$ cat input12.cif   # mmCIF, N, CA and C atoms
data_upload
loop_
_atom_site.label_atom_id
_atom_site.label_comp_id
_atom_site.auth_asym_id
_atom_site.auth_seq_id
_atom_site.Cartn_x
_atom_site.Cartn_y
_atom_site.Cartn_z
N GLN M 1 0.84 -1.19 0.00
CA GLN M 1 0.00 0.00 0.00
C GLN M 1 0.89 1.25 0.00
N LEU M 2 0.82 2.00 -1.07
CA LEU M 2 1.61 3.22 -1.17
C LEU M 2 0.90 4.34 -0.42
N GLN M 3 1.60 4.96 0.51
CA GLN M 3 1.02 6.07 1.26
C GLN M 3 1.66 7.37 0.81
N LEU M 4 0.83 8.27 0.32
CA LEU M 4 1.29 9.55 -0.19
C LEU M 4 1.01 10.66 0.83
N ALA M 5 1.89 11.64 0.85
CA ALA M 5 1.70 12.77 1.76
C ALA M 5 1.97 14.06 1.01
N GLU M 6 1.00 14.96 1.05
CA GLU M 6 1.17 16.27 0.45
C GLU M 6 1.60 17.27 1.51
N SER M 7 2.32 18.29 1.09
CA SER M 7 2.70 19.37 1.98
C SER M 7 2.83 20.65 1.17
N GLY M 8 2.87 21.77 1.88
CA GLY M 8 3.11 23.05 1.22
C GLY M 8 1.90 23.94 1.06
N GLY M 9 0.73 23.45 1.44
CA GLY M 9 -0.45 24.29 1.33
C GLY M 9 -0.44 25.43 2.34
N GLY M 10 -1.35 26.37 2.15
CA GLY M 10 -1.42 27.49 3.08
C GLY M 10 -2.29 28.60 2.55
N LEU M 11 -2.20 29.74 3.20
CA LEU M 11 -2.96 30.92 2.83
C LEU M 11 -2.03 31.91 2.13
N VAL M 12 -2.41 32.30 0.93
CA VAL M 12 -1.64 33.29 0.18
C VAL M 12 -2.59 34.31 -0.41
N GLN M 13 -2.02 35.43 -0.83
CA GLN M 13 -2.81 36.46 -1.48
C GLN M 13 -2.83 36.22 -2.99
N PRO M 14 -3.82 36.74 -3.66
CA PRO M 14 -3.85 36.62 -5.12
C PRO M 14 -2.56 37.14 -5.75
N GLY M 15 -2.08 36.39 -6.74
CA GLY M 15 -0.84 36.76 -7.40
C GLY M 15 0.40 36.12 -6.82
N GLU M 16 0.28 35.57 -5.64
CA GLU M 16 1.43 34.93 -5.00
C GLU M 16 1.59 33.48 -5.47
N SER M 17 2.63 32.85 -4.95
CA SER M 17 2.96 31.49 -5.39
C SER M 17 3.00 30.53 -4.21
N LEU M 18 2.81 29.27 -4.53
CA LEU M 18 2.97 28.18 -3.57
C LEU M 18 3.57 26.99 -4.30
N ARG M 19 4.37 26.22 -3.55
CA ARG M 19 4.89 24.97 -4.10
C ARG M 19 4.39 23.83 -3.23
N LEU M 20 3.62 22.95 -3.83
CA LEU M 20 3.15 21.76 -3.14
C LEU M 20 4.08 20.60 -3.44
N SER M 21 4.24 19.74 -2.46
CA SER M 21 5.08 18.56 -2.65
C SER M 21 4.31 17.31 -2.29
N CYS M 22 4.64 16.24 -2.97
CA CYS M 22 4.05 14.93 -2.73
C CYS M 22 5.19 13.95 -2.54
N THR M 23 5.12 13.18 -1.50
CA THR M 23 6.19 12.23 -1.25
C THR M 23 5.64 10.99 -0.57
N THR M 24 6.48 9.99 -0.49
CA THR M 24 6.16 8.79 0.25
C THR M 24 7.42 8.33 0.97
N SER M 25 7.20 7.76 2.14
CA SER M 25 8.35 7.32 2.94
C SER M 25 8.66 5.86 2.69
N GLN M 26 7.86 5.24 1.83
CA GLN M 26 8.03 3.82 1.59
C GLN M 26 8.08 3.59 0.08
N TYR M 27 8.73 2.56 -0.31
CA TYR M 27 8.87 2.21 -1.71
C TYR M 27 9.43 3.40 -2.47
N THR M 28 9.01 3.54 -3.70
CA THR M 28 9.52 4.64 -4.50
C THR M 28 8.42 5.15 -5.40
N LEU M 29 8.44 6.45 -5.63
CA LEU M 29 7.47 7.05 -6.55
C LEU M 29 7.88 6.88 -8.00
N ALA M 30 9.09 6.44 -8.24
CA ALA M 30 9.65 6.43 -9.58
C ALA M 30 8.86 5.58 -10.57
N TYR M 31 8.13 4.59 -10.07
CA TYR M 31 7.37 3.71 -10.97
C TYR M 31 6.01 4.28 -11.33
N TYR M 32 5.61 5.36 -10.67
CA TYR M 32 4.25 5.86 -10.79
C TYR M 32 4.17 7.20 -11.51
N ALA M 33 3.15 7.33 -12.33
CA ALA M 33 2.77 8.66 -12.80
C ALA M 33 2.06 9.35 -11.65
N ILE M 34 2.22 10.65 -11.55
CA ILE M 34 1.62 11.43 -10.46
C ILE M 34 0.64 12.44 -11.02
N GLY M 35 -0.54 12.44 -10.46
CA GLY M 35 -1.53 13.44 -10.80
C GLY M 35 -1.78 14.36 -9.62
N TRP M 36 -2.02 15.63 -9.92
CA TRP M 36 -2.44 16.58 -8.89
C TRP M 36 -3.90 16.95 -9.16
N PHE M 37 -4.70 16.87 -8.13
CA PHE M 37 -6.11 17.17 -8.21
C PHE M 37 -6.47 18.21 -7.16
N ARG M 38 -7.59 18.82 -7.33
CA ARG M 38 -8.08 19.75 -6.31
C ARG M 38 -9.59 19.63 -6.18
N GLN M 39 -10.05 19.94 -5.00
CA GLN M 39 -11.48 19.92 -4.74
C GLN M 39 -11.85 21.16 -3.95
N ALA M 40 -12.61 22.03 -4.60
CA ALA M 40 -13.08 23.25 -3.95
C ALA M 40 -14.37 22.94 -3.19
N PRO M 41 -14.70 23.74 -2.21
CA PRO M 41 -15.92 23.50 -1.45
C PRO M 41 -17.15 23.42 -2.35
N GLY M 42 -17.91 22.36 -2.20
CA GLY M 42 -19.13 22.20 -2.96
C GLY M 42 -18.94 21.79 -4.41
N LYS M 43 -17.70 21.49 -4.80
CA LYS M 43 -17.43 21.12 -6.18
C LYS M 43 -16.80 19.73 -6.26
N GLU M 44 -16.81 19.16 -7.44
CA GLU M 44 -16.21 17.87 -7.65
C GLU M 44 -14.68 18.01 -7.74
N ARG M 45 -14.02 16.92 -7.42
CA ARG M 45 -12.58 16.89 -7.52
C ARG M 45 -12.19 16.92 -9.01
N GLU M 46 -11.20 17.75 -9.34
CA GLU M 46 -10.79 17.88 -10.73
C GLU M 46 -9.29 17.74 -10.87
N GLY M 47 -8.88 17.20 -12.00
CA GLY M 47 -7.46 17.07 -12.28
C GLY M 47 -6.86 18.42 -12.64
N VAL M 48 -5.69 18.68 -12.11
CA VAL M 48 -5.00 19.95 -12.35
C VAL M 48 -3.76 19.73 -13.22
N ALA M 49 -2.98 18.73 -12.89
CA ALA M 49 -1.73 18.49 -13.61
C ALA M 49 -1.32 17.04 -13.46
N TRP M 50 -0.45 16.61 -14.36
CA TRP M 50 -0.01 15.21 -14.38
C TRP M 50 1.40 15.15 -14.92
N ILE M 51 2.16 14.21 -14.38
CA ILE M 51 3.51 14.00 -14.89
C ILE M 51 3.77 12.50 -14.93
N ASN M 52 4.41 12.06 -15.99
CA ASN M 52 4.64 10.63 -16.12
C ASN M 52 5.79 10.19 -15.22
N SER M 53 6.04 8.90 -15.16
CA SER M 53 7.01 8.37 -14.22
C SER M 53 8.43 8.86 -14.50
N ASP M 54 8.75 9.08 -15.76
CA ASP M 54 10.09 9.54 -16.11
C ASP M 54 10.26 11.04 -15.98
N GLY M 55 9.14 11.75 -15.90
CA GLY M 55 9.21 13.20 -15.77
C GLY M 55 9.36 13.93 -17.09
N ASP M 56 9.18 13.25 -18.21
CA ASP M 56 9.38 13.90 -19.50
C ASP M 56 8.08 14.16 -20.25
N SER M 57 6.96 13.97 -19.59
CA SER M 57 5.67 14.27 -20.20
C SER M 57 4.74 14.81 -19.13
N THR M 58 4.04 15.90 -19.47
CA THR M 58 3.14 16.54 -18.50
C THR M 58 1.83 16.90 -19.19
N ASN M 59 0.80 17.08 -18.37
CA ASN M 59 -0.49 17.57 -18.82
C ASN M 59 -1.03 18.55 -17.79
N TYR M 60 -1.83 19.51 -18.27
CA TYR M 60 -2.44 20.50 -17.40
C TYR M 60 -3.85 20.80 -17.87
N ILE M 61 -4.70 21.21 -16.93
CA ILE M 61 -5.97 21.76 -17.37
C ILE M 61 -5.70 23.16 -17.91
N ASP M 62 -6.58 23.59 -18.80
CA ASP M 62 -6.36 24.85 -19.52
C ASP M 62 -6.23 26.04 -18.57
N SER M 63 -6.98 26.03 -17.49
CA SER M 63 -7.03 27.19 -16.61
C SER M 63 -5.73 27.45 -15.86
N VAL M 64 -4.81 26.48 -15.83
CA VAL M 64 -3.55 26.69 -15.10
C VAL M 64 -2.34 26.68 -16.02
N LYS M 65 -2.54 26.44 -17.29
CA LYS M 65 -1.41 26.41 -18.22
C LYS M 65 -0.66 27.74 -18.21
N GLY M 66 0.64 27.66 -18.13
CA GLY M 66 1.46 28.86 -18.10
C GLY M 66 1.69 29.40 -16.70
N ARG M 67 0.92 28.92 -15.73
CA ARG M 67 1.08 29.40 -14.34
C ARG M 67 1.51 28.29 -13.39
N PHE M 68 1.08 27.07 -13.65
CA PHE M 68 1.43 25.93 -12.80
C PHE M 68 2.46 25.07 -13.51
N THR M 69 3.36 24.51 -12.75
CA THR M 69 4.37 23.61 -13.30
C THR M 69 4.49 22.38 -12.42
N VAL M 70 4.32 21.23 -13.02
CA VAL M 70 4.48 19.97 -12.29
C VAL M 70 5.86 19.41 -12.60
N SER M 71 6.52 18.90 -11.59
CA SER M 71 7.86 18.35 -11.75
C SER M 71 8.06 17.20 -10.78
N ARG M 72 9.14 16.50 -10.95
CA ARG M 72 9.43 15.41 -10.02
C ARG M 72 10.93 15.20 -9.93
N ASP M 73 11.34 14.66 -8.81
CA ASP M 73 12.73 14.29 -8.60
C ASP M 73 12.70 12.86 -8.05
N ASN M 74 12.89 11.92 -8.91
CA ASN M 74 12.78 10.52 -8.49
C ASN M 74 13.90 10.13 -7.51
N ALA M 75 15.02 10.80 -7.59
CA ALA M 75 16.10 10.51 -6.65
C ALA M 75 15.71 10.92 -5.23
N LYS M 76 14.89 11.98 -5.12
CA LYS M 76 14.44 12.45 -3.81
C LYS M 76 13.05 11.93 -3.47
N ASN M 77 12.47 11.17 -4.40
CA ASN M 77 11.15 10.56 -4.14
C ASN M 77 10.07 11.61 -3.93
N THR M 78 10.11 12.67 -4.73
CA THR M 78 9.13 13.73 -4.58
C THR M 78 8.56 14.14 -5.94
N ALA M 79 7.36 14.69 -5.89
CA ALA M 79 6.74 15.30 -7.06
C ALA M 79 6.15 16.62 -6.58
N ASP M 80 6.41 17.69 -7.31
CA ASP M 80 6.00 19.02 -6.88
C ASP M 80 5.01 19.64 -7.86
N LEU M 81 4.23 20.55 -7.32
CA LEU M 81 3.36 21.38 -8.14
C LEU M 81 3.65 22.83 -7.75
N LEU M 82 4.30 23.56 -8.65
CA LEU M 82 4.57 24.97 -8.43
C LEU M 82 3.42 25.78 -9.00
N MET M 83 2.81 26.57 -8.15
CA MET M 83 1.64 27.34 -8.56
C MET M 83 1.98 28.82 -8.47
N ASN M 84 2.06 29.46 -9.61
CA ASN M 84 2.33 30.89 -9.68
C ASN M 84 1.07 31.67 -10.01
N SER M 85 1.12 32.96 -9.73
CA SER M 85 0.01 33.86 -10.07
C SER M 85 -1.32 33.28 -9.62
N LEU M 86 -1.37 32.89 -8.38
CA LEU M 86 -2.57 32.23 -7.87
C LEU M 86 -3.77 33.17 -7.86
N LYS M 87 -4.92 32.60 -8.16
CA LYS M 87 -6.17 33.32 -8.19
C LYS M 87 -7.09 32.78 -7.10
N PRO M 88 -8.04 33.57 -6.65
CA PRO M 88 -8.96 33.09 -5.60
C PRO M 88 -9.66 31.79 -5.97
N GLU M 89 -9.93 31.58 -7.25
CA GLU M 89 -10.63 30.35 -7.66
C GLU M 89 -9.76 29.11 -7.53
N ALA M 90 -8.50 29.28 -7.18
CA ALA M 90 -7.62 28.13 -6.93
C ALA M 90 -7.78 27.59 -5.51
N THR M 91 -8.57 28.28 -4.71
CA THR M 91 -8.81 27.82 -3.34
C THR M 91 -9.47 26.45 -3.35
N ALA M 92 -8.81 25.49 -2.70
CA ALA M 92 -9.28 24.11 -2.72
C ALA M 92 -8.34 23.27 -1.85
N VAL M 93 -8.74 22.05 -1.63
CA VAL M 93 -7.83 21.06 -1.08
C VAL M 93 -7.15 20.37 -2.26
N TYR M 94 -5.84 20.30 -2.22
CA TYR M 94 -5.06 19.72 -3.31
C TYR M 94 -4.56 18.35 -2.90
N TYR M 95 -4.72 17.42 -3.83
CA TYR M 95 -4.34 16.03 -3.60
C TYR M 95 -3.34 15.57 -4.65
N CYS M 96 -2.40 14.75 -4.24
CA CYS M 96 -1.61 14.05 -5.23
C CYS M 96 -2.08 12.59 -5.27
N ALA M 97 -1.93 12.00 -6.43
CA ALA M 97 -2.36 10.62 -6.63
C ALA M 97 -1.34 9.92 -7.51
N ALA M 98 -1.21 8.62 -7.32
CA ALA M 98 -0.22 7.84 -8.06
C ALA M 98 -0.90 6.76 -8.88
N ALA M 99 -0.44 6.63 -10.12
CA ALA M 99 -0.97 5.62 -11.04
C ALA M 99 0.18 4.77 -11.55
N LEU M 100 0.06 3.46 -11.38
CA LEU M 100 1.13 2.56 -11.83
C LEU M 100 1.13 2.39 -13.34
N PHE M 101 -0.04 2.46 -13.92
CA PHE M 101 -0.15 2.28 -15.36
C PHE M 101 -0.84 3.49 -15.96
N GLY M 102 -0.74 3.60 -17.29
CA GLY M 102 -1.41 4.69 -17.97
C GLY M 102 -0.44 5.56 -18.75
N ASP M 103 -0.88 6.02 -19.89
CA ASP M 103 -0.03 6.83 -20.75
C ASP M 103 -0.38 8.31 -20.68
N GLY M 104 -1.29 8.66 -19.78
CA GLY M 104 -1.64 10.06 -19.65
C GLY M 104 -2.91 10.45 -20.36
N THR M 105 -3.47 9.57 -21.16
CA THR M 105 -4.68 9.94 -21.90
C THR M 105 -5.89 10.07 -20.97
N THR M 106 -5.84 9.39 -19.83
CA THR M 106 -6.94 9.49 -18.86
C THR M 106 -6.45 10.11 -17.57
N TRP M 107 -5.48 10.99 -17.65
CA TRP M 107 -4.85 11.54 -16.46
C TRP M 107 -5.83 12.28 -15.56
N HIS M 108 -6.89 12.80 -16.11
CA HIS M 108 -7.85 13.60 -15.36
C HIS M 108 -8.96 12.76 -14.72
N VAL M 109 -8.91 11.46 -14.94
CA VAL M 109 -9.95 10.56 -14.44
C VAL M 109 -9.53 10.01 -13.07
N LEU M 110 -10.35 10.23 -12.07
CA LEU M 110 -10.01 9.81 -10.71
C LEU M 110 -9.75 8.31 -10.62
N ASP M 111 -10.54 7.53 -11.31
CA ASP M 111 -10.41 6.08 -11.23
C ASP M 111 -9.14 5.55 -11.86
N ALA M 112 -8.40 6.41 -12.56
CA ALA M 112 -7.15 5.98 -13.19
C ALA M 112 -6.02 5.85 -12.17
N TYR M 113 -6.26 6.28 -10.94
CA TYR M 113 -5.20 6.32 -9.93
C TYR M 113 -5.39 5.24 -8.88
N ASP M 114 -4.25 4.74 -8.43
CA ASP M 114 -4.27 3.63 -7.48
C ASP M 114 -4.19 4.10 -6.02
N TYR M 115 -3.51 5.21 -5.80
CA TYR M 115 -3.29 5.69 -4.44
C TYR M 115 -3.48 7.21 -4.37
N TRP M 116 -3.95 7.66 -3.22
CA TRP M 116 -4.23 9.08 -3.00
C TRP M 116 -3.63 9.52 -1.67
N GLY M 117 -3.22 10.79 -1.65
CA GLY M 117 -2.84 11.40 -0.39
C GLY M 117 -4.05 11.96 0.32
N GLN M 118 -3.81 12.53 1.50
CA GLN M 118 -4.89 13.07 2.32
C GLN M 118 -5.24 14.50 1.96
N GLY M 119 -4.41 15.14 1.18
CA GLY M 119 -4.72 16.49 0.73
C GLY M 119 -4.08 17.57 1.59
N THR M 120 -3.84 18.71 0.95
CA THR M 120 -3.32 19.88 1.66
C THR M 120 -4.14 21.08 1.21
N PRO M 121 -4.63 21.89 2.15
CA PRO M 121 -5.50 23.00 1.77
C PRO M 121 -4.73 24.20 1.27
N VAL M 122 -5.28 24.82 0.24
CA VAL M 122 -4.74 26.05 -0.33
C VAL M 122 -5.86 27.08 -0.33
N THR M 123 -5.57 28.24 0.24
CA THR M 123 -6.54 29.33 0.26
C THR M 123 -5.89 30.55 -0.35
N VAL M 124 -6.55 31.09 -1.35
CA VAL M 124 -6.06 32.30 -2.03
C VAL M 124 -7.06 33.41 -1.74
N SER M 125 -6.64 34.34 -0.92
CA SER M 125 -7.58 35.38 -0.47
C SER M 125 -6.81 36.59 0.03
N THR M 126 -7.49 37.73 -0.07
CA THR M 126 -6.92 38.95 0.49
C THR M 126 -7.29 39.06 1.97
#
$ encode --input "input12.cif" --output "structure tokens"
Amino acid sequence: QLQLAESGGGLVQPGESLRLSCTTSQYTLAYYAIGWFRQAPGKEREGVAWINSDGDSTNYIDSVKGRFTVSRDNAKNTADLLMNSLKPEATAVYYCAAALFGDGTTWHVLDAYDYWGQGTPVTVST
């Protein structure tokens, strides 16, 4: 059972940045593609970004393209989501998820993932 842990959430003002991290203390993330999802109050969980196991392929939802960057360091067993120019609508709980299989075509589908973290809250507000 792969246990994921997110960190880095918090309260920021619009226009500021946050870096979220996803890690595990057991096994290795290197075999898994990592997806970042978010769930705002009263809304469904949605995929935000995805990176394949090698780190050479990524996907993003349109609303964050050019502002968010997903990356990973398999040597450090971490996957990060750098969020720049944050907007109030980015307020949500952010989750990382790991998928052992998949080429990224269904990266935004929750059922495509095998393991989930507990989430880290992000609030963008003045």
$ atom_distance --input "input12.cif" --atom1 "atom CA of M:Gly55" --atom2 "atom C of M:Tyr27"
16.5 Å
$ resolve_selection --input "input12.cif" --expression "the PyMOL selection byres ((chain M and resi 60) around 5)" --output "list in words"
Val48, Ala49, Thr58, Asn59, Ile61 and Asp62 of chain M
$ closest_residue --input "input12.cif" --among "M:Val70, M:His108, M:Ala40, M:Asp103" --to "M:Glu89" --atoms "all atoms listed in the file"
M:Ala40
$ closest_residue --input "input12.cif" --among "M:Met83, M:Leu2, M:Ile34, M:Leu29" --to "M:Cys96" --atoms "all atoms listed in the file"
M:Ile34
$ closest_residue --input "input12.cif" --among "M:Ala5, M:Val109, M:Ala97, M:Ala30" --to "M:Asp73" --atoms "all atoms listed in the file"
M:Ala30
$ residues_around --input "input12.cif" --residues "stretch 17-19 of chain M" --least-positions-apart "4" --cutoff "6.5 Å" --atoms "all atoms listed in the file" --output "list in words"
Ser7, Gly8, Gly9, Asp80, Leu81, Leu82, Met83, Asn84, Ser85 and Leu86 of chain M
$ select_by_dssp --input "input12.cif" --residues "stretch 14-118 of chain M" --states "strand (DSSP E)" --output "VMD selection string"
chain M and resid 18 to 23 33 to 39 46 to 51 58 to 60 68 to 73 78 to 83 92 to 99 115 to 116
$ residues_near_point --input "input12.cif" --point "(0.5, 17.0, -4.8)" --cutoff "6 Å" --atoms "only N, CA and C atoms" --output "PyMOL selection string"
chain M and resi 6+20-22+35-36+79+81+94-97
$ closest_residue --input "input12.cif" --among "M:Arg67, M:Tyr113, M:Leu4, M:Val12" --to "M:Ser25" --atoms "all atoms listed in the file"
M:Leu4
$ atom_distance --input "input12.cif" --atom1 "atom CA of M:Pro14" --atom2 "atom N of M:Arg45"
22.3 Å
$ resolve_selection --input "input12.cif" --expression "the PyMOL selection byres ((chain M and resi 13) around 6.5)" --output "PyMOL selection string"
chain M and resi 11-12+14-16+86+123-126
$ write_last_selection --input "input12.cif" --atoms "N, CA and C atoms" --output "PDB file, in the coordinates of the input"
ATOM      1  N   LEU M  11      -2.200  29.740   3.200  1.00  0.00           N
ATOM      2  CA  LEU M  11      -2.960  30.920   2.830  1.00  0.00           C
ATOM      3  C   LEU M  11      -2.030  31.910   2.130  1.00  0.00           C
ATOM      4  N   VAL M  12      -2.410  32.300   0.930  1.00  0.00           N
ATOM      5  CA  VAL M  12      -1.640  33.290   0.180  1.00  0.00           C
ATOM      6  C   VAL M  12      -2.590  34.310  -0.410  1.00  0.00           C
ATOM      7  N   PRO M  14      -3.820  36.740  -3.660  1.00  0.00           N
ATOM      8  CA  PRO M  14      -3.850  36.620  -5.120  1.00  0.00           C
ATOM      9  C   PRO M  14      -2.560  37.140  -5.750  1.00  0.00           C
ATOM     10  N   GLY M  15      -2.080  36.390  -6.740  1.00  0.00           N
ATOM     11  CA  GLY M  15      -0.840  36.760  -7.400  1.00  0.00           C
ATOM     12  C   GLY M  15       0.400  36.120  -6.820  1.00  0.00           C
ATOM     13  N   GLU M  16       0.280  35.570  -5.640  1.00  0.00           N
ATOM     14  CA  GLU M  16       1.430  34.930  -5.000  1.00  0.00           C
ATOM     15  C   GLU M  16       1.590  33.480  -5.470  1.00  0.00           C
ATOM     16  N   LEU M  86      -1.370  32.890  -8.380  1.00  0.00           N
ATOM     17  CA  LEU M  86      -2.570  32.230  -7.870  1.00  0.00           C
ATOM     18  C   LEU M  86      -3.770  33.170  -7.860  1.00  0.00           C
ATOM     19  N   THR M 123      -5.570  28.240   0.240  1.00  0.00           N
ATOM     20  CA  THR M 123      -6.540  29.330   0.260  1.00  0.00           C
ATOM     21  C   THR M 123      -5.890  30.550  -0.350  1.00  0.00           C
ATOM     22  N   VAL M 124      -6.550  31.090  -1.350  1.00  0.00           N
ATOM     23  CA  VAL M 124      -6.060  32.300  -2.030  1.00  0.00           C
ATOM     24  C   VAL M 124      -7.060  33.410  -1.740  1.00  0.00           C
ATOM     25  N   SER M 125      -6.640  34.340  -0.920  1.00  0.00           N
ATOM     26  CA  SER M 125      -7.580  35.380  -0.470  1.00  0.00           C
ATOM     27  C   SER M 125      -6.810  36.590   0.030  1.00  0.00           C
ATOM     28  N   THR M 126      -7.490  37.730  -0.070  1.00  0.00           N
ATOM     29  CA  THR M 126      -6.920  38.950   0.490  1.00  0.00           C
ATOM     30  C   THR M 126      -7.290  39.060   1.970  1.00  0.00           C
TER      31      THR M 126
END
$ atom_distance --input "input12.cif" --atom1 "atom CA of M:Val122" --atom2 "atom CA of M:Phe101"
28.5 Å
$ build_atoms --input "input12.cif" --residues "stretch 24-32 of chain M" --atoms "all heavy atoms" --output "mmCIF file, in the frame of the given file"
data_model
loop_
_atom_site.group_PDB
_atom_site.id
_atom_site.type_symbol
_atom_site.label_atom_id
_atom_site.label_comp_id
_atom_site.auth_asym_id
_atom_site.auth_seq_id
_atom_site.Cartn_x
_atom_site.Cartn_y
_atom_site.Cartn_z
ATOM 1 N N THR M 24 6.480 9.990 -0.490
ATOM 2 C CA THR M 24 6.160 8.790 0.250
ATOM 3 C C THR M 24 7.420 8.330 0.970
ATOM 4 O O THR M 24 8.530 8.528 0.489
ATOM 5 C CB THR M 24 5.640 7.673 -0.668
ATOM 6 O OG1 THR M 24 5.350 6.521 0.118
ATOM 7 C CG2 THR M 24 6.678 7.293 -1.713
ATOM 8 N N SER M 25 7.200 7.760 2.140
ATOM 9 C CA SER M 25 8.350 7.320 2.940
ATOM 10 C C SER M 25 8.660 5.860 2.690
ATOM 11 O O SER M 25 9.607 5.321 3.250
ATOM 12 C CB SER M 25 8.061 7.537 4.423
ATOM 13 O OG SER M 25 6.921 6.809 4.815
ATOM 14 N N GLN M 26 7.860 5.240 1.830
ATOM 15 C CA GLN M 26 8.030 3.820 1.590
ATOM 16 C C GLN M 26 8.080 3.590 0.080
ATOM 17 O O GLN M 26 7.538 4.361 -0.676
ATOM 18 C CB GLN M 26 6.857 3.029 2.188
ATOM 19 C CG GLN M 26 5.717 3.914 2.594
ATOM 20 C CD GLN M 26 4.351 3.395 2.294
ATOM 21 O OE1 GLN M 26 3.626 3.959 1.528
ATOM 22 N NE2 GLN M 26 4.008 2.274 2.912
ATOM 23 N N TYR M 27 8.730 2.560 -0.310
ATOM 24 C CA TYR M 27 8.870 2.210 -1.710
ATOM 25 C C TYR M 27 9.430 3.400 -2.470
ATOM 26 O O TYR M 27 10.228 4.180 -1.949
ATOM 27 C CB TYR M 27 7.518 1.764 -2.302
ATOM 28 C CG TYR M 27 6.830 0.702 -1.495
ATOM 29 C CD1 TYR M 27 5.563 0.912 -0.957
ATOM 30 C CD2 TYR M 27 7.443 -0.512 -1.249
ATOM 31 C CE1 TYR M 27 4.940 -0.063 -0.202
ATOM 32 C CE2 TYR M 27 6.829 -1.485 -0.489
ATOM 33 C CZ TYR M 27 5.575 -1.250 0.032
ATOM 34 O OH TYR M 27 4.962 -2.199 0.788
ATOM 35 N N THR M 28 9.010 3.540 -3.700
ATOM 36 C CA THR M 28 9.520 4.640 -4.500
ATOM 37 C C THR M 28 8.420 5.150 -5.400
ATOM 38 O O THR M 28 7.564 4.401 -5.873
ATOM 39 C CB THR M 28 10.726 4.191 -5.350
ATOM 40 O OG1 THR M 28 11.113 5.272 -6.197
ATOM 41 C CG2 THR M 28 10.360 2.991 -6.210
ATOM 42 N N LEU M 29 8.440 6.450 -5.630
ATOM 43 C CA LEU M 29 7.470 7.050 -6.550
ATOM 44 C C LEU M 29 7.880 6.880 -8.000
ATOM 45 O O LEU M 29 7.104 7.158 -8.898
ATOM 46 C CB LEU M 29 7.336 8.551 -6.253
ATOM 47 C CG LEU M 29 6.532 8.966 -5.017
ATOM 48 C CD1 LEU M 29 6.523 10.475 -4.908
ATOM 49 C CD2 LEU M 29 5.124 8.418 -5.062
ATOM 50 N N ALA M 30 9.090 6.440 -8.240
ATOM 51 C CA ALA M 30 9.650 6.430 -9.580
ATOM 52 C C ALA M 30 8.860 5.580 -10.570
ATOM 53 O O ALA M 30 8.928 5.803 -11.774
ATOM 54 C CB ALA M 30 11.096 5.974 -9.544
ATOM 55 N N TYR M 31 8.130 4.590 -10.070
ATOM 56 C CA TYR M 31 7.370 3.710 -10.970
ATOM 57 C C TYR M 31 6.010 4.280 -11.330
ATOM 58 O O TYR M 31 5.320 3.735 -12.193
ATOM 59 C CB TYR M 31 7.165 2.355 -10.314
ATOM 60 C CG TYR M 31 8.450 1.652 -9.942
ATOM 61 C CD1 TYR M 31 8.671 1.220 -8.633
ATOM 62 C CD2 TYR M 31 9.441 1.413 -10.873
ATOM 63 C CE1 TYR M 31 9.841 0.582 -8.278
ATOM 64 C CE2 TYR M 31 10.621 0.772 -10.530
ATOM 65 C CZ TYR M 31 10.808 0.354 -9.232
ATOM 66 O OH TYR M 31 11.966 -0.277 -8.881
ATOM 67 N N TYR M 32 5.610 5.360 -10.670
ATOM 68 C CA TYR M 32 4.250 5.860 -10.790
ATOM 69 C C TYR M 32 4.170 7.200 -11.510
ATOM 70 O O TYR M 32 4.999 8.093 -11.287
ATOM 71 C CB TYR M 32 3.637 6.058 -9.393
ATOM 72 C CG TYR M 32 3.515 4.797 -8.587
ATOM 73 C CD1 TYR M 32 4.571 4.354 -7.799
ATOM 74 C CD2 TYR M 32 2.343 4.060 -8.595
ATOM 75 C CE1 TYR M 32 4.465 3.194 -7.059
ATOM 76 C CE2 TYR M 32 2.224 2.898 -7.849
ATOM 77 C CZ TYR M 32 3.292 2.471 -7.088
ATOM 78 O OH TYR M 32 3.182 1.328 -6.352
#
